[in-house]
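Note: the block below is final_19.txt and it holds compact mmCIF, C-alpha atoms (C1' of nucleotides).
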```txt
# COMPACT_ATOMS: atom_id res chain seq x y z
CA MET A 102 82.88 69.64 105.46
CA GLU A 103 82.80 69.78 101.70
CA LYS A 104 84.03 72.96 100.05
CA HIS A 105 81.27 75.49 100.49
CA PHE A 106 81.01 78.80 98.63
CA LEU A 107 81.10 80.64 101.93
CA THR A 108 84.54 79.28 102.81
CA ASN A 109 85.90 81.78 100.28
CA VAL A 110 83.90 84.57 101.82
CA PHE A 111 85.27 83.80 105.27
CA LYS A 112 88.77 82.78 104.33
CA GLU A 113 90.39 86.05 105.47
CA GLY A 114 88.77 86.11 108.87
CA LEU A 115 91.16 83.95 110.92
CA PHE A 116 88.41 81.52 111.80
CA THR A 117 89.15 78.11 113.23
CA LEU A 118 87.65 75.11 111.48
CA GLN A 119 85.21 74.60 114.33
CA GLU A 120 84.06 78.19 114.07
CA LEU A 121 83.47 77.86 110.36
CA GLU A 122 81.47 74.71 111.00
CA GLN A 123 79.40 76.66 113.46
CA ILE A 124 78.92 79.70 111.22
CA ILE A 125 78.45 78.45 107.69
CA PRO A 126 75.48 76.10 108.27
CA GLN A 127 73.52 79.05 109.65
CA PHE A 128 73.32 80.55 106.16
CA ARG A 129 70.44 79.60 103.94
CA GLU A 130 70.67 79.50 100.17
CA VAL A 131 68.10 81.76 98.51
CA SER A 132 67.45 82.81 94.93
CA PHE A 133 66.13 86.02 93.49
CA ALA A 134 64.82 86.56 89.99
CA LYS A 135 65.86 89.60 87.98
CA ASN A 136 64.09 92.72 89.31
CA ASP A 137 63.11 91.10 92.63
CA PHE A 138 63.54 93.33 95.64
CA LEU A 139 65.82 92.00 98.37
CA LEU A 140 64.74 94.96 100.49
CA ALA A 141 62.18 97.70 99.84
CA GLU A 142 61.88 101.22 101.24
CA GLY A 143 59.93 101.30 104.49
CA LYS A 144 60.78 97.73 105.53
CA THR A 145 63.25 96.80 108.23
CA ALA A 146 66.11 94.61 107.05
CA GLN A 147 65.75 91.14 108.59
CA HIS A 148 68.58 89.56 106.63
CA TYR A 149 71.77 90.13 104.82
CA TRP A 150 73.32 88.15 102.00
CA PHE A 151 76.49 87.09 100.31
CA ILE A 152 76.13 86.88 96.55
CA GLN A 153 77.34 83.68 94.99
CA GLN A 154 76.13 84.55 91.51
CA GLY A 155 74.49 87.58 89.93
CA TYR A 156 74.28 91.36 90.23
CA ALA A 157 72.31 93.67 92.49
CA ARG A 158 71.92 97.39 93.07
CA SER A 159 70.87 99.53 96.02
CA PHE A 160 69.20 102.88 95.45
CA ALA A 161 67.37 105.66 97.26
CA VAL A 162 64.49 107.67 95.86
CA ASP A 163 64.83 111.42 96.31
CA THR A 164 62.12 113.97 97.03
CA GLU A 165 61.43 114.45 93.32
CA GLY A 166 60.97 110.74 92.80
CA LYS A 167 64.26 110.23 90.99
CA ASP A 168 66.25 107.22 92.03
CA ILE A 169 69.91 107.44 92.99
CA SER A 170 72.10 104.34 92.91
CA THR A 171 74.05 103.95 96.13
CA ASP A 172 75.96 100.75 95.37
CA PHE A 173 76.37 97.75 93.13
CA TYR A 174 77.01 94.17 94.24
CA THR A 175 78.25 90.96 92.67
CA THR A 176 79.87 87.60 93.43
CA GLY A 177 81.50 87.53 96.85
CA ASP A 178 80.04 90.86 97.99
CA ILE A 179 78.03 91.31 101.14
CA VAL A 180 74.62 92.84 100.47
CA ILE A 181 73.41 94.59 103.57
CA ASP A 182 71.65 97.74 104.65
CA TRP A 183 73.88 98.40 107.64
CA THR A 184 71.65 101.02 109.16
CA SER A 185 68.36 99.21 108.91
CA PHE A 186 69.82 95.83 109.88
CA PHE A 187 71.60 97.06 113.01
CA LEU A 188 69.39 99.88 114.19
CA ARG A 189 66.24 97.82 113.49
CA THR A 190 64.62 100.76 111.72
CA PRO A 191 62.75 101.04 108.42
CA THR A 192 65.06 101.70 105.51
CA ARG A 193 64.94 104.55 103.03
CA GLU A 194 66.72 102.45 100.43
CA ASN A 195 65.87 99.65 98.06
CA ILE A 196 67.96 96.69 97.03
CA GLN A 197 67.04 95.05 93.76
CA ALA A 198 68.39 92.14 91.75
CA LEU A 199 69.74 93.27 88.37
CA THR A 200 70.05 89.69 87.17
CA ASP A 201 68.91 86.37 88.60
CA CYS A 202 70.88 85.89 91.81
CA THR A 203 71.97 83.06 94.06
CA CYS A 204 72.70 84.22 97.61
CA TRP A 205 73.46 82.97 101.09
CA GLN A 206 71.24 84.57 103.66
CA LEU A 207 71.58 85.14 107.42
CA ASP A 208 68.89 86.59 109.68
CA PHE A 209 69.36 89.14 112.44
CA GLU A 210 68.80 86.88 115.44
CA THR A 211 71.26 84.29 114.21
CA PHE A 212 73.72 87.04 113.43
CA GLN A 213 73.42 88.39 116.97
CA GLN A 214 74.00 84.99 118.48
CA LEU A 215 77.14 84.45 116.40
CA PHE A 216 78.32 88.01 116.94
CA HIS A 217 78.18 87.79 120.70
CA SER A 218 79.55 84.28 120.99
CA ILE A 219 82.42 84.20 118.49
CA GLU A 220 85.19 86.76 118.80
CA SER A 221 86.57 86.26 115.31
CA PHE A 222 83.07 86.63 113.86
CA ARG A 223 82.65 90.05 115.39
CA GLU A 224 86.11 91.11 114.35
CA ALA A 225 85.33 90.08 110.78
CA GLY A 226 81.93 91.78 110.84
CA ARG A 227 83.33 94.99 112.22
CA LYS A 228 85.99 94.94 109.56
CA ARG A 229 83.42 94.63 106.78
CA LEU A 230 81.39 97.50 108.17
CA VAL A 231 84.45 99.72 108.49
CA GLN A 232 85.51 98.89 104.95
CA SER A 233 82.07 99.90 103.70
CA TYR A 234 82.41 103.10 105.67
CA PHE A 235 85.76 103.75 104.05
CA GLU A 236 84.40 103.23 100.55
CA LEU A 237 81.48 105.51 101.26
CA LYS A 238 83.77 108.22 102.54
CA SER A 239 86.07 107.88 99.54
CA HIS A 240 83.09 108.25 97.26
CA ASN A 241 82.03 111.29 99.22
CA ILE A 242 85.39 113.00 98.94
CA SER A 243 85.56 112.11 95.28
CA MET A 244 82.19 113.77 94.71
CA ILE A 245 83.64 116.99 96.06
CA ALA A 246 87.21 116.88 94.82
CA ASP A 247 86.97 115.20 91.42
CA GLN A 248 85.29 115.95 88.14
CA ALA A 249 82.60 113.62 86.87
CA LYS A 250 84.98 112.32 84.21
CA ASP A 251 87.51 111.28 86.84
CA ARG A 252 84.87 109.53 88.91
CA TYR A 253 83.71 107.67 85.82
CA GLN A 254 87.19 106.53 84.94
CA ARG A 255 87.86 105.38 88.47
CA LEU A 256 84.67 103.33 88.54
CA LEU A 257 85.50 101.88 85.15
CA LYS A 258 88.86 100.77 86.48
CA GLU A 259 87.68 99.48 89.85
CA LYS A 260 84.44 97.76 88.86
CA PRO A 261 84.58 97.12 85.11
CA GLN A 262 82.15 94.20 85.37
CA ILE A 263 79.25 96.41 86.36
CA PHE A 264 79.29 98.11 82.97
CA GLN A 265 78.23 94.81 81.46
CA ASN A 266 75.27 94.48 83.77
CA VAL A 267 74.01 97.91 84.79
CA SER A 268 72.35 100.55 82.62
CA LEU A 269 74.25 103.79 82.09
CA LYS A 270 71.40 105.68 83.65
CA GLN A 271 71.88 103.76 86.91
CA ILE A 272 75.63 104.23 86.79
CA ALA A 273 75.17 107.95 86.15
CA THR A 274 73.17 108.52 89.33
CA TYR A 275 75.82 106.67 91.30
CA LEU A 276 78.39 109.09 89.87
CA GLY A 277 76.15 112.02 90.71
CA ILE A 278 75.42 113.07 87.13
CA THR A 279 72.67 112.59 84.55
CA ASP A 280 72.70 109.91 81.91
CA THR A 281 73.00 112.69 79.34
CA SER A 282 76.23 113.94 80.85
CA LEU A 283 77.60 110.43 81.23
CA SER A 284 76.92 109.81 77.57
CA ARG A 285 78.91 112.96 76.68
CA ILE A 286 81.77 111.98 78.95
CA ARG A 287 81.96 108.56 77.30
CA LYS A 288 81.97 110.16 73.88
CA GLU A 289 84.75 112.51 74.87
CA ILE A 290 86.87 109.68 76.26
CA SER A 291 86.34 107.44 73.23
CA SER A 292 87.64 110.22 70.96
CA GLU A 293 90.90 110.65 72.88
CA MET B 182 80.91 107.01 141.71
CA GLU B 183 80.45 110.73 141.48
CA LYS B 184 78.70 112.07 138.41
CA HIS B 185 81.18 111.85 135.59
CA PHE B 186 80.85 113.60 132.22
CA LEU B 187 80.93 110.22 130.50
CA THR B 188 77.79 109.02 132.26
CA ASN B 189 75.88 111.29 129.87
CA VAL B 190 77.72 109.85 126.92
CA PHE B 191 76.85 106.29 127.94
CA LYS B 192 73.40 106.88 129.31
CA GLU B 193 71.57 105.46 126.30
CA GLY B 194 73.55 102.25 126.14
CA LEU B 195 71.66 100.04 128.63
CA PHE B 196 74.76 99.58 130.77
CA THR B 197 74.58 98.22 134.30
CA LEU B 198 76.20 100.24 137.03
CA GLN B 199 78.99 97.71 137.34
CA GLU B 200 79.68 97.94 133.65
CA LEU B 201 79.90 101.71 133.79
CA GLU B 202 82.31 101.42 136.68
CA GLN B 203 84.38 99.09 134.59
CA ILE B 204 84.27 101.27 131.46
CA ILE B 205 84.47 104.88 132.53
CA PRO B 206 87.73 104.74 134.54
CA GLN B 207 89.49 103.46 131.43
CA PHE B 208 89.13 106.88 129.82
CA ARG B 209 91.82 109.46 130.38
CA GLU B 210 91.16 113.18 130.39
CA VAL B 211 93.26 115.02 127.80
CA SER B 212 93.36 118.60 126.57
CA PHE B 213 94.14 120.06 123.19
CA ALA B 214 94.96 123.65 122.41
CA LYS B 215 93.36 125.40 119.45
CA ASN B 216 94.91 124.15 116.20
CA ASP B 217 96.46 121.05 117.77
CA PHE B 218 96.12 117.90 115.71
CA LEU B 219 94.36 114.99 117.37
CA LEU B 220 95.33 112.88 114.37
CA ALA B 221 97.48 113.69 111.33
CA GLU B 222 97.55 112.20 107.84
CA GLY B 223 99.84 109.18 107.63
CA LYS B 224 99.51 108.21 111.31
CA THR B 225 97.50 105.28 112.58
CA ALA B 226 94.78 106.21 115.06
CA GLN B 227 95.69 104.87 118.50
CA HIS B 228 92.85 106.57 120.35
CA TYR B 229 89.42 108.00 120.09
CA TRP B 230 87.79 110.71 122.18
CA PHE B 231 84.57 112.08 123.53
CA ILE B 232 84.52 115.86 123.59
CA GLN B 233 83.50 117.39 126.86
CA GLN B 234 84.18 120.95 125.77
CA GLY B 235 85.28 122.58 122.50
CA TYR B 236 85.12 122.13 118.73
CA ALA B 237 87.08 120.01 116.28
CA ARG B 238 87.10 119.33 112.58
CA SER B 239 88.25 116.45 110.41
CA PHE B 240 89.44 117.05 106.87
CA ALA B 241 91.15 115.35 103.96
CA VAL B 242 93.62 116.97 101.60
CA ASP B 243 92.92 116.31 97.93
CA THR B 244 95.40 115.81 95.10
CA GLU B 245 95.58 119.55 94.44
CA GLY B 246 96.40 120.30 98.07
CA LYS B 247 92.99 121.71 98.90
CA ASP B 248 91.46 120.58 102.13
CA ILE B 249 87.94 119.22 102.36
CA SER B 250 86.12 119.17 105.67
CA THR B 251 84.63 115.77 106.39
CA ASP B 252 83.01 116.45 109.75
CA PHE B 253 82.67 118.77 112.74
CA TYR B 254 82.57 117.74 116.39
CA THR B 255 81.55 119.29 119.68
CA THR B 256 80.40 118.49 123.23
CA GLY B 257 79.19 114.92 123.57
CA ASP B 258 80.38 113.83 120.14
CA ILE B 259 82.68 110.91 119.53
CA VAL B 260 85.81 111.88 117.60
CA ILE B 261 87.17 108.86 115.81
CA ASP B 262 88.69 107.85 112.52
CA TRP B 263 86.75 104.60 112.20
CA THR B 264 88.84 103.25 109.39
CA SER B 265 92.26 103.93 110.81
CA PHE B 266 91.30 102.94 114.34
CA PHE B 267 89.78 99.60 113.42
CA LEU B 268 91.78 98.54 110.41
CA ARG B 269 95.01 99.69 112.07
CA THR B 270 96.10 101.49 108.92
CA PRO B 271 97.55 104.98 108.32
CA THR B 272 94.84 107.56 107.85
CA ARG B 273 94.33 109.93 104.94
CA GLU B 274 92.53 112.41 107.14
CA ASN B 275 93.42 114.97 109.77
CA ILE B 276 91.56 115.88 112.92
CA GLN B 277 92.26 119.30 114.35
CA ALA B 278 91.03 121.27 117.35
CA LEU B 279 89.17 124.42 116.28
CA THR B 280 89.12 125.72 119.84
CA ASP B 281 90.79 124.58 123.04
CA CYS B 282 89.27 121.20 123.82
CA THR B 283 88.78 118.95 126.82
CA CYS B 284 88.33 115.30 125.86
CA TRP B 285 88.13 111.81 127.28
CA GLN B 286 90.44 109.43 125.51
CA LEU B 287 90.46 105.65 125.08
CA ASP B 288 93.21 103.64 123.40
CA PHE B 289 92.80 100.74 121.01
CA GLU B 290 93.96 97.93 123.29
CA THR B 291 91.66 98.99 126.10
CA PHE B 292 88.84 99.36 123.62
CA GLN B 293 89.40 95.83 122.36
CA GLN B 294 89.39 94.41 125.84
CA LEU B 295 86.10 96.14 126.69
CA PHE B 296 84.61 95.32 123.30
CA HIS B 297 85.20 91.61 123.60
CA SER B 298 84.27 91.32 127.26
CA ILE B 299 81.15 93.48 127.60
CA GLU B 300 78.17 92.77 125.38
CA SER B 301 76.46 96.12 125.94
CA PHE B 302 79.70 97.92 125.13
CA ARG B 303 79.92 96.29 121.74
CA GLU B 304 76.26 96.90 121.05
CA ALA B 305 76.72 100.59 121.86
CA GLY B 306 79.90 100.84 119.81
CA ARG B 307 78.33 99.16 116.82
CA LYS B 308 75.39 101.53 117.09
CA ARG B 309 77.66 104.56 117.02
CA LEU B 310 79.50 103.30 113.98
CA VAL B 311 76.27 102.55 112.15
CA GLN B 312 74.90 105.98 112.97
CA SER B 313 78.04 107.55 111.54
CA TYR B 314 77.57 105.42 108.46
CA PHE B 315 73.99 106.64 108.17
CA GLU B 316 74.99 110.28 108.41
CA LEU B 317 77.70 109.82 105.85
CA LYS B 318 75.28 108.17 103.45
CA SER B 319 72.70 110.92 103.96
CA HIS B 320 75.35 113.49 103.20
CA ASN B 321 76.28 111.54 100.12
CA ILE B 322 72.75 111.37 98.79
CA SER B 323 72.25 115.02 99.58
CA MET B 324 75.35 115.89 97.52
CA ILE B 325 73.70 114.26 94.54
CA ALA B 326 70.04 115.11 95.02
CA ASP B 327 70.07 118.56 96.58
CA GLN B 328 71.26 121.98 95.55
CA ALA B 329 74.04 123.64 97.53
CA LYS B 330 71.53 126.06 99.02
CA ASP B 331 69.44 123.22 100.41
CA ARG B 332 72.48 121.52 101.90
CA TYR B 333 73.48 124.78 103.53
CA GLN B 334 70.08 125.30 105.05
CA ARG B 335 69.94 121.78 106.35
CA LEU B 336 73.32 122.15 108.03
CA LEU B 337 72.27 125.47 109.48
CA LYS B 338 69.24 123.82 110.99
CA GLU B 339 70.93 120.66 112.22
CA LYS B 340 74.21 122.09 113.54
CA PRO B 341 73.70 125.81 114.08
CA GLN B 342 76.45 125.98 116.70
CA ILE B 343 79.18 125.21 114.23
CA PHE B 344 78.56 128.48 112.42
CA GLN B 345 79.80 130.24 115.53
CA ASN B 346 83.03 128.30 115.58
CA VAL B 347 84.00 127.27 112.07
CA SER B 348 85.08 129.47 109.18
CA LEU B 349 82.80 129.68 106.18
CA LYS B 350 85.58 128.37 104.03
CA GLN B 351 85.70 125.17 106.08
CA ILE B 352 81.94 124.85 106.04
CA ALA B 353 81.92 125.40 102.28
CA THR B 354 84.19 122.45 101.56
CA TYR B 355 82.01 120.27 103.75
CA LEU B 356 79.04 121.31 101.61
CA GLY B 357 81.01 120.60 98.45
CA ILE B 358 81.21 124.19 97.23
CA THR B 359 83.68 127.08 97.34
CA ASP B 360 83.63 129.82 99.95
CA THR B 361 82.72 132.24 97.16
CA SER B 362 79.57 130.32 96.32
CA LEU B 363 78.67 129.92 99.96
CA SER B 364 78.96 133.65 100.42
CA ARG B 365 76.56 134.21 97.51
CA ILE B 366 74.11 131.66 98.85
CA ARG B 367 74.10 133.38 102.22
CA LYS B 368 73.52 136.73 100.56
CA GLU B 369 70.64 135.34 98.57
CA ILE B 370 69.03 133.85 101.66
CA SER B 371 69.43 136.97 103.74
CA SER B 372 67.61 138.98 101.10
CA GLU B 373 64.60 136.66 101.08
C1' DC C 142 96.42 150.16 120.29
C1' DC C 143 98.11 149.41 115.80
C1' DC C 144 99.64 146.36 112.26
C1' DC C 145 99.32 142.20 109.85
C1' DT C 146 96.96 138.24 108.55
C1' DT C 147 92.95 135.90 107.68
C1' DT C 148 88.16 135.80 106.43
C1' DC C 149 84.37 137.30 103.92
C1' DT C 150 82.10 139.66 100.09
C1' DT C 151 81.50 141.08 95.42
C1' DG C 152 82.20 141.73 90.30
C1' DC C 153 83.37 139.76 86.00
C1' DC C 154 83.54 136.00 83.20
C1' DA C 155 84.48 130.77 82.44
C1' DT C 156 83.13 126.00 82.75
C1' DA C 157 80.74 121.81 84.12
C1' DT C 158 76.66 119.91 84.10
C1' DG C 159 71.50 119.88 83.55
C1' DG C 160 66.85 119.93 81.04
C1' DC C 161 64.37 118.84 77.30
C1' DA C 162 63.20 116.70 73.16
C1' DA C 163 64.13 114.02 69.03
C1' DG C 164 66.08 110.32 66.88
C1' DA C 165 68.73 105.93 66.69
C1' DG C 166 69.54 101.70 68.39
C1' DA C 167 68.71 97.62 71.31
C1' DA C 168 65.94 94.60 73.87
C1' DA C 169 61.68 92.62 75.45
C1' DT C 170 56.92 91.16 74.28
C1' DC C 171 53.42 89.16 71.81
C1' DG D 263 58.95 88.91 62.86
C1' DA D 264 56.56 93.06 63.98
C1' DT D 265 55.56 96.13 67.67
C1' DT D 266 56.34 98.23 71.75
C1' DT D 267 59.28 99.73 75.22
C1' DC D 268 63.50 100.99 77.08
C1' DT D 269 68.27 102.76 76.54
C1' DC D 270 71.56 105.64 74.64
C1' DT D 271 73.10 109.62 71.96
C1' DT D 272 73.00 114.29 70.37
C1' DG D 273 71.73 119.30 69.69
C1' DC D 274 70.32 123.52 71.69
C1' DC D 275 70.29 126.44 75.35
C1' DA D 276 69.80 127.25 80.62
C1' DT D 277 71.70 127.23 85.22
C1' DA D 278 74.67 126.27 89.14
C1' DT D 279 78.91 126.81 90.54
C1' DG D 280 83.94 127.94 89.97
C1' DG D 281 88.24 130.97 89.37
C1' DC D 282 90.37 135.01 90.12
C1' DA D 283 91.23 139.35 92.06
C1' DA D 284 90.14 143.44 94.78
C1' DG D 285 88.30 145.52 98.55
C1' DA D 286 86.09 145.40 103.14
C1' DA D 287 85.76 143.52 107.52
C1' DA D 288 87.24 141.02 111.37
C1' DG D 289 90.52 138.96 114.38
C1' DG D 290 95.15 137.97 116.56
C1' DG D 291 99.74 139.19 118.24
C1' DG D 292 103.32 142.24 119.52
```
Transcribe the structure of this file into structure tokens.
Amino acid sequence: MEKHFLTNVFKEGLFTLQELEQIIPQFREVSFAKNDFLLAEGKTAQHYWFIQQGYARSFAVDTEGKDISTDFYTTGDIVIDWTSFFLRTPTRENIQALTDCTCWQLDFETFQQLFHSIESFREAGRKRLVQSYFELKSHNISMIADQAKDRYQRLLKEKPQIFQNVSLKQIATYLGITDTSLSRIRKEISSE
Amino acid sequence: MEKHFLTNVFKEGLFTLQELEQIIPQFREVSFAKNDFLLAEGKTAQHYWFIQQGYARSFAVDTEGKDISTDFYTTGDIVIDWTSFFLRTPTRENIQALTDCTCWQLDFETFQQLFHSIESFREAGRKRLVQSYFELKSHNISMIADQAKDRYQRLLKEKPQIFQNVSLKQIATYLGITDTSLSRIRKEISSE
DNA sequence: CCCCTTTCTTGCCATATGGCAAGAGAAATC
DNA sequence: GATTTCTCTTGCCATATGGCAAGAAAGGGG
């Protein structure tokens, strides 16, 4: 097998060569143009993706119609609505390409077949889900325990690339503040 | 098999009778006294539990030493630190009994054996994890989109029993506010 | 049953963050 | 290249929530 992008994605999963040869060809390469929706509110997720190139954002729309960023994604990341994909229910979130994107896509039925037949595949999948859970919980605790400025600085340190590709307004809602406040925080930091 | 408490817990999982007979005896009945720790910061979770009777709380301690409630548990609920249990890493959270508790406990090795050998068991487990993820995300969005008063009223509606068994201080940190503010919110509501 | 500890409430004032609107700057469109 | 649209910044003031401390109320242990 020639070196496939997905070999990087799966390199930590303790897969045998045969397993990788069974798994990787199931993914289909798909492209999205900037602003395309990978998933829209009300639909049930039929796929998930690994991003080879580009940026994406997930967001929910609150009762007042304001959107709230829930996550950002780039090269190597899994893009998945865990709840909708696994519970087979309509999602309340949207996932949108922030730039043109190249992705590798897997559908639910194929996932299920791999999940139930390959032990290392389910171990790896479970691990990804639990890691997402951990990040969500950390974000949650940070929302309660930390000031907006601290959350901003942590994001800046952990995902500096997104500041090149995401508007401050979208970053602000992820941090739980308004773009106005984020602008003031940035000003304050730059004058330190 | 006589009617076991856990048959209720597993009744939605599409298990065959044989599967239930294989799964349920693996759980061990354990008791905790009020204030006992089921899991303490720095330890790696070796077990998880279903609560038959009693109340428990999980919480994290922030950098200033203040504790933040992350969840409350009672009859029928699964009590598990997903991250520590599955990633086999030391936890940053604590789980403590709020009342005397009777629980059914499963250890990691037994879980793994059931998980990899019984398809319906892994489907049910994955579903539980995803539901926890969903609740965590909802809480997260609510922290950003809703006022403290709305979060309080939602909790009151969704988990009224916890108000009988948990101090307002512990509920306040779950809602992301101080006990002082919660007290004022309650006053305001009672005068409506 | 009484004491001690913990929980809850309330007042006073401080602080973080929001809402709105105007202007500046940057980017997309024609 | 000019125009339109979106993004970001800034000022003014409003509001939600916090910090602290004191008292009231409730609960637990000897």
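For chain B, the residues close to chain C, meaning within 9 Å and counting all atoms listed in the file, are Ser348, Leu349, Lys350, Asp360, Thr361, Ser364 and Arg365 of chain B.
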Enclosing box along x, y and z for every listed atom of segment 158-170 of chain C, padded 8 Å each side, centre and size in Å, one decimal, as JSON:
```
{"center_x": 66.8, "center_y": 105.5, "center_z": 75.4, "size_x": 35.7, "size_y": 44.8, "size_z": 33.4}
```
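The residue that comes closest to Thr270 of chain B, out of B:Glu202, B:Glu210, B:Glu222, B:Glu193 and on the basis of all atoms listed in the file, is B:Glu222.
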Find the nearest atom pair between each residue of chain B and chain A for residues within 7 Å, count only C-alpha atoms, give distances in Å to one decimal, sort rows by chain and ascending number, and present the table as JSON lines.
```
{"residue": "B:Asp243", "atom": "CA", "partner": "A:Ala246", "partner_atom": "CA", "distance": 6.5}
{"residue": "B:Trp263", "atom": "CA", "partner": "A:Val231", "partner_atom": "CA", "distance": 6.5}
{"residue": "B:Thr264", "atom": "CA", "partner": "A:Val231", "partner_atom": "CA", "distance": 5.7}
{"residue": "B:Leu268", "atom": "CA", "partner": "A:Lys228", "partner_atom": "CA", "distance": 6.9}
{"residue": "B:His297", "atom": "CA", "partner": "A:Glu220", "partner_atom": "CA", "distance": 6.8}
{"residue": "B:Glu300", "atom": "CA", "partner": "A:His217", "partner_atom": "CA", "distance": 6.8}
{"residue": "B:Lys308", "atom": "CA", "partner": "A:Leu188", "partner_atom": "CA", "distance": 6.9}
{"residue": "B:Val311", "atom": "CA", "partner": "A:Thr184", "partner_atom": "CA", "distance": 5.7}
{"residue": "B:Tyr314", "atom": "CA", "partner": "A:Tyr234", "partner_atom": "CA", "distance": 6.0}
{"residue": "B:Phe315", "atom": "CA", "partner": "A:Thr184", "partner_atom": "CA", "distance": 6.2}
{"residue": "B:Asn321", "atom": "CA", "partner": "A:Asn241", "partner_atom": "CA", "distance": 5.8}
{"residue": "B:Ile325", "atom": "CA", "partner": "A:Gly277", "partner_atom": "CA", "distance": 5.1}
{"residue": "B:Ala326", "atom": "CA", "partner": "A:Asp163", "partner_atom": "CA", "distance": 6.5}
{"residue": "B:Gly357", "atom": "CA", "partner": "A:Ile245", "partner_atom": "CA", "distance": 5.1}
```
Just C-alpha atoms for this one: save the residues we selected as a PDB file, in the frame of the given file.
```
ATOM      1  CA  ASP B 243      92.920 116.310  97.930  1.00  0.00           C
ATOM      2  CA  TRP B 263      86.750 104.600 112.200  1.00  0.00           C
ATOM      3  CA  THR B 264      88.840 103.250 109.390  1.00  0.00           C
ATOM      4  CA  LEU B 268      91.780  98.540 110.410  1.00  0.00           C
ATOM      5  CA  HIS B 297      85.200  91.610 123.600  1.00  0.00           C
ATOM      6  CA  GLU B 300      78.170  92.770 125.380  1.00  0.00           C
ATOM      7  CA  LYS B 308      75.390 101.530 117.090  1.00  0.00           C
ATOM      8  CA  VAL B 311      76.270 102.550 112.150  1.00  0.00           C
ATOM      9  CA  TYR B 314      77.570 105.420 108.460  1.00  0.00           C
ATOM     10  CA  PHE B 315      73.990 106.640 108.170  1.00  0.00           C
ATOM     11  CA  ASN B 321      76.280 111.540 100.120  1.00  0.00           C
ATOM     12  CA  ILE B 325      73.700 114.260  94.540  1.00  0.00           C
ATOM     13  CA  ALA B 326      70.040 115.110  95.020  1.00  0.00           C
ATOM     14  CA  GLY B 357      81.010 120.600  98.450  1.00  0.00           C
TER      15      GLY B 357
END
```
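Using only C-alpha atoms (C1' of nucleotides), the nearest neighbour of chain D within the list B:Leu337, B:Ile259, B:Cys284, B:Leu363 is B:Leu363.
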Next item on the list: Find the residues of chain D in contact range of chain B, meaning any atom within 10 Å when counting all atoms listed in the file, and list them as a list in words.
Entry: DA278, DT279, DG280 and DG281 of chain D
Could segment 323-334 of chain B be completed with N, CA and C atoms and written as a CSV table (one decimal), in the frame of the given file, please?
```
chain,number,residue,atom,x,y,z
B,323,SER,N,72.6,113.6,99.7
B,323,SER,CA,72.2,115.0,99.6
B,323,SER,C,73.1,115.7,98.6
B,324,MET,N,74.4,115.3,98.5
B,324,MET,CA,75.4,115.9,97.5
B,324,MET,C,74.9,115.7,96.1
B,325,ILE,N,74.2,114.6,95.9
B,325,ILE,CA,73.7,114.3,94.5
B,325,ILE,C,72.3,114.9,94.3
B,326,ALA,N,71.4,114.7,95.3
B,326,ALA,CA,70.0,115.1,95.0
B,326,ALA,C,69.7,116.6,95.3
B,327,ASP,N,70.5,117.2,96.2
B,327,ASP,CA,70.1,118.6,96.6
B,327,ASP,C,71.0,119.6,96.0
B,328,GLN,N,70.5,120.8,95.9
B,328,GLN,CA,71.3,122.0,95.6
B,328,GLN,C,72.1,122.4,96.7
B,329,ALA,N,73.2,123.2,96.5
B,329,ALA,CA,74.0,123.6,97.5
B,329,ALA,C,73.3,124.4,98.6
B,330,LYS,N,72.3,125.2,98.1
B,330,LYS,CA,71.5,126.1,99.0
B,330,LYS,C,70.7,125.2,100.0
B,331,ASP,N,70.2,124.1,99.5
B,331,ASP,CA,69.4,123.2,100.4
B,331,ASP,C,70.4,122.6,101.4
B,332,ARG,N,71.5,122.2,101.0
B,332,ARG,CA,72.5,121.5,101.9
B,332,ARG,C,72.9,122.5,103.0
B,333,TYR,N,73.1,123.7,102.6
B,333,TYR,CA,73.5,124.8,103.5
B,333,TYR,C,72.4,125.0,104.6
B,334,GLN,N,71.2,125.1,104.1
B,334,GLN,CA,70.1,125.3,105.0
B,334,GLN,C,69.8,124.1,106.0
```
